[in-house]
Amino acid sequence: MRRLPTNKARDKLAPIDALLARQVQVETLLRVSRDMRFISPHQYAHALGFTESIGRQAHGWRKKYVPSPVV
């Protein structure tokens with residue numbers, strides 16, 4: 001698995017956005033795998049829990065690095 005160079009990068013949003021895009025791909029593949037009965041609904045739900053957790057963490061990081069709007 002390739003590691004994202006977030007710690008040293010000045011632009012931290014690009015790797016986080018790449019992670020979020022990959023998360024969508026993984027969730028789509030999981031959904032197709034469930035629909036084609038390659039994995040059980042229980043396995044799908046378990047895996048989806050992991051991807052949702054990763055997504056919440058990535059969105060938290062993204063929120064941290066996006067400049068807040070000036071009011």
# chains A, B, ... in the order shown; residues from 1 in each chain; ligands from 1
$ residues_around --residues "region 46-53 of chain A" --least-positions-apart "6" --cutoff "8 Å" --atoms "only C-alpha atoms" --output "PDB file with all heavy atoms, in the first residue's frame"
ATOM      1  N   GLN A  23     -11.581   6.372  -1.149  1.00  0.00           N
ATOM      2  CA  GLN A  23     -12.618   5.826  -0.277  1.00  0.00           C
ATOM      3  C   GLN A  23     -13.902   5.590  -1.071  1.00  0.00           C
ATOM      4  O   GLN A  23     -14.554   4.556  -0.911  1.00  0.00           O
ATOM      5  CB  GLN A  23     -12.887   6.767   0.892  1.00  0.00           C
ATOM      6  CG  GLN A  23     -14.001   6.272   1.785  1.00  0.00           C
ATOM      7  CD  GLN A  23     -14.724   7.368   2.536  1.00  0.00           C
ATOM      8  OE1 GLN A  23     -14.449   8.547   2.337  1.00  0.00           O
ATOM      9  NE2 GLN A  23     -15.638   6.989   3.371  1.00  0.00           N
ATOM     10  N   VAL A  26     -13.475   2.476  -3.165  1.00  0.00           N
ATOM     11  CA  VAL A  26     -13.555   1.254  -2.365  1.00  0.00           C
ATOM     12  C   VAL A  26     -15.006   0.952  -2.001  1.00  0.00           C
ATOM     13  O   VAL A  26     -15.449  -0.204  -2.096  1.00  0.00           O
ATOM     14  CB  VAL A  26     -12.670   1.371  -1.101  1.00  0.00           C
ATOM     15  CG1 VAL A  26     -12.954   0.251  -0.125  1.00  0.00           C
ATOM     16  CG2 VAL A  26     -11.203   1.385  -1.481  1.00  0.00           C
ATOM     17  N   GLU A  27     -15.756   1.981  -1.606  1.00  0.00           N
ATOM     18  CA  GLU A  27     -17.158   1.754  -1.263  1.00  0.00           C
ATOM     19  C   GLU A  27     -17.958   1.275  -2.467  1.00  0.00           C
ATOM     20  O   GLU A  27     -18.839   0.422  -2.331  1.00  0.00           O
ATOM     21  CB  GLU A  27     -17.767   3.018  -0.668  1.00  0.00           C
ATOM     22  CG  GLU A  27     -17.268   3.309   0.727  1.00  0.00           C
ATOM     23  CD  GLU A  27     -17.829   4.592   1.319  1.00  0.00           C
ATOM     24  OE1 GLU A  27     -18.515   5.343   0.606  1.00  0.00           O
ATOM     25  OE2 GLU A  27     -17.555   4.833   2.511  1.00  0.00           O
ATOM     26  N   LEU A  30     -17.066  -2.365  -3.018  1.00  0.00           N
ATOM     27  CA  LEU A  30     -17.736  -3.187  -2.007  1.00  0.00           C
ATOM     28  C   LEU A  30     -19.210  -3.383  -2.348  1.00  0.00           C
ATOM     29  O   LEU A  30     -19.753  -4.487  -2.218  1.00  0.00           O
ATOM     30  CB  LEU A  30     -17.602  -2.538  -0.627  1.00  0.00           C
ATOM     31  CG  LEU A  30     -16.245  -2.644   0.045  1.00  0.00           C
ATOM     32  CD1 LEU A  30     -16.181  -1.746   1.271  1.00  0.00           C
ATOM     33  CD2 LEU A  30     -15.952  -4.090   0.426  1.00  0.00           C
TER      34      LEU A  30
END
$ atom_distance --atom1 "CA of Asp11 (chain A)" --atom2 "CA of Val24 (chain A)"
21.5 Å
$ decode --residues "region 18-38 of chain A" --atoms "N, CA and C atoms" --output "PDB file, in the first residue's frame"
ATOM      1  N   ALA A  18      -7.198  12.921  -2.307  1.00  0.00           N
ATOM      2  CA  ALA A  18      -6.921  11.648  -2.972  1.00  0.00           C
ATOM      3  C   ALA A  18      -7.433  10.484  -2.121  1.00  0.00           C
ATOM      4  N   LEU A  19      -7.246  10.573  -0.812  1.00  0.00           N
ATOM      5  CA  LEU A  19      -7.746   9.544   0.095  1.00  0.00           C
ATOM      6  C   LEU A  19      -9.265   9.459   0.037  1.00  0.00           C
ATOM      7  N   LEU A  20      -9.935  10.597   0.034  1.00  0.00           N
ATOM      8  CA  LEU A  20     -11.399  10.606  -0.028  1.00  0.00           C
ATOM      9  C   LEU A  20     -11.903  10.044  -1.360  1.00  0.00           C
ATOM     10  N   ALA A  21     -11.196  10.336  -2.442  1.00  0.00           N
ATOM     11  CA  ALA A  21     -11.582   9.784  -3.745  1.00  0.00           C
ATOM     12  C   ALA A  21     -11.408   8.269  -3.748  1.00  0.00           C
ATOM     13  N   ARG A  22     -10.323   7.794  -3.141  1.00  0.00           N
ATOM     14  CA  ARG A  22     -10.086   6.351  -3.060  1.00  0.00           C
ATOM     15  C   ARG A  22     -11.144   5.679  -2.186  1.00  0.00           C
ATOM     16  N   GLN A  23     -11.581   6.372  -1.149  1.00  0.00           N
ATOM     17  CA  GLN A  23     -12.618   5.826  -0.277  1.00  0.00           C
ATOM     18  C   GLN A  23     -13.902   5.590  -1.071  1.00  0.00           C
ATOM     19  N   VAL A  24     -14.264   6.533  -1.922  1.00  0.00           N
ATOM     20  CA  VAL A  24     -15.464   6.381  -2.755  1.00  0.00           C
ATOM     21  C   VAL A  24     -15.310   5.173  -3.677  1.00  0.00           C
ATOM     22  N   GLN A  25     -14.122   4.997  -4.245  1.00  0.00           N
ATOM     23  CA  GLN A  25     -13.873   3.852  -5.117  1.00  0.00           C
ATOM     24  C   GLN A  25     -14.033   2.539  -4.357  1.00  0.00           C
ATOM     25  N   VAL A  26     -13.475   2.476  -3.165  1.00  0.00           N
ATOM     26  CA  VAL A  26     -13.555   1.254  -2.365  1.00  0.00           C
ATOM     27  C   VAL A  26     -15.006   0.952  -2.001  1.00  0.00           C
ATOM     28  N   GLU A  27     -15.756   1.981  -1.606  1.00  0.00           N
ATOM     29  CA  GLU A  27     -17.158   1.754  -1.263  1.00  0.00           C
ATOM     30  C   GLU A  27     -17.958   1.275  -2.467  1.00  0.00           C
ATOM     31  N   THR A  28     -17.646   1.798  -3.645  1.00  0.00           N
ATOM     32  CA  THR A  28     -18.323   1.351  -4.858  1.00  0.00           C
ATOM     33  C   THR A  28     -17.996  -0.103  -5.153  1.00  0.00           C
ATOM     34  N   LEU A  29     -16.720  -0.472  -5.031  1.00  0.00           N
ATOM     35  CA  LEU A  29     -16.326  -1.866  -5.265  1.00  0.00           C
ATOM     36  C   LEU A  29     -16.970  -2.805  -4.250  1.00  0.00           C
ATOM     37  N   LEU A  30     -17.066  -2.365  -3.018  1.00  0.00           N
ATOM     38  CA  LEU A  30     -17.736  -3.187  -2.007  1.00  0.00           C
ATOM     39  C   LEU A  30     -19.210  -3.383  -2.348  1.00  0.00           C
ATOM     40  N   ARG A  31     -19.859  -2.302  -2.787  1.00  0.00           N
ATOM     41  CA  ARG A  31     -21.277  -2.394  -3.143  1.00  0.00           C
ATOM     42  C   ARG A  31     -21.485  -3.356  -4.308  1.00  0.00           C
ATOM     43  N   VAL A  32     -20.631  -3.269  -5.319  1.00  0.00           N
ATOM     44  CA  VAL A  32     -20.739  -4.177  -6.468  1.00  0.00           C
ATOM     45  C   VAL A  32     -20.477  -5.615  -6.028  1.00  0.00           C
ATOM     46  N   SER A  33     -19.487  -5.794  -5.162  1.00  0.00           N
ATOM     47  CA  SER A  33     -19.179  -7.141  -4.665  1.00  0.00           C
ATOM     48  C   SER A  33     -20.364  -7.733  -3.906  1.00  0.00           C
ATOM     49  N   ARG A  34     -21.044  -6.910  -3.129  1.00  0.00           N
ATOM     50  CA  ARG A  34     -22.228  -7.392  -2.411  1.00  0.00           C
ATOM     51  C   ARG A  34     -23.350  -7.709  -3.385  1.00  0.00           C
ATOM     52  N   ASP A  35     -23.570  -6.818  -4.352  1.00  0.00           N
ATOM     53  CA  ASP A  35     -24.648  -7.029  -5.312  1.00  0.00           C
ATOM     54  C   ASP A  35     -24.432  -8.291  -6.153  1.00  0.00           C
ATOM     55  N   MET A  36     -23.172  -8.588  -6.450  1.00  0.00           N
ATOM     56  CA  MET A  36     -22.856  -9.788  -7.238  1.00  0.00           C
ATOM     57  C   MET A  36     -22.659 -11.021  -6.348  1.00  0.00           C
ATOM     58  N   ARG A  37     -22.893 -10.842  -5.049  1.00  0.00           N
ATOM     59  CA  ARG A  37     -22.823 -11.905  -4.052  1.00  0.00           C
ATOM     60  C   ARG A  37     -21.418 -12.507  -3.898  1.00  0.00           C
ATOM     61  N   PHE A  38     -20.401 -11.691  -4.109  1.00  0.00           N
ATOM     62  CA  PHE A  38     -19.037 -12.116  -3.822  1.00  0.00           C
ATOM     63  C   PHE A  38     -18.759 -12.043  -2.324  1.00  0.00           C
TER      64      PHE A  38
END
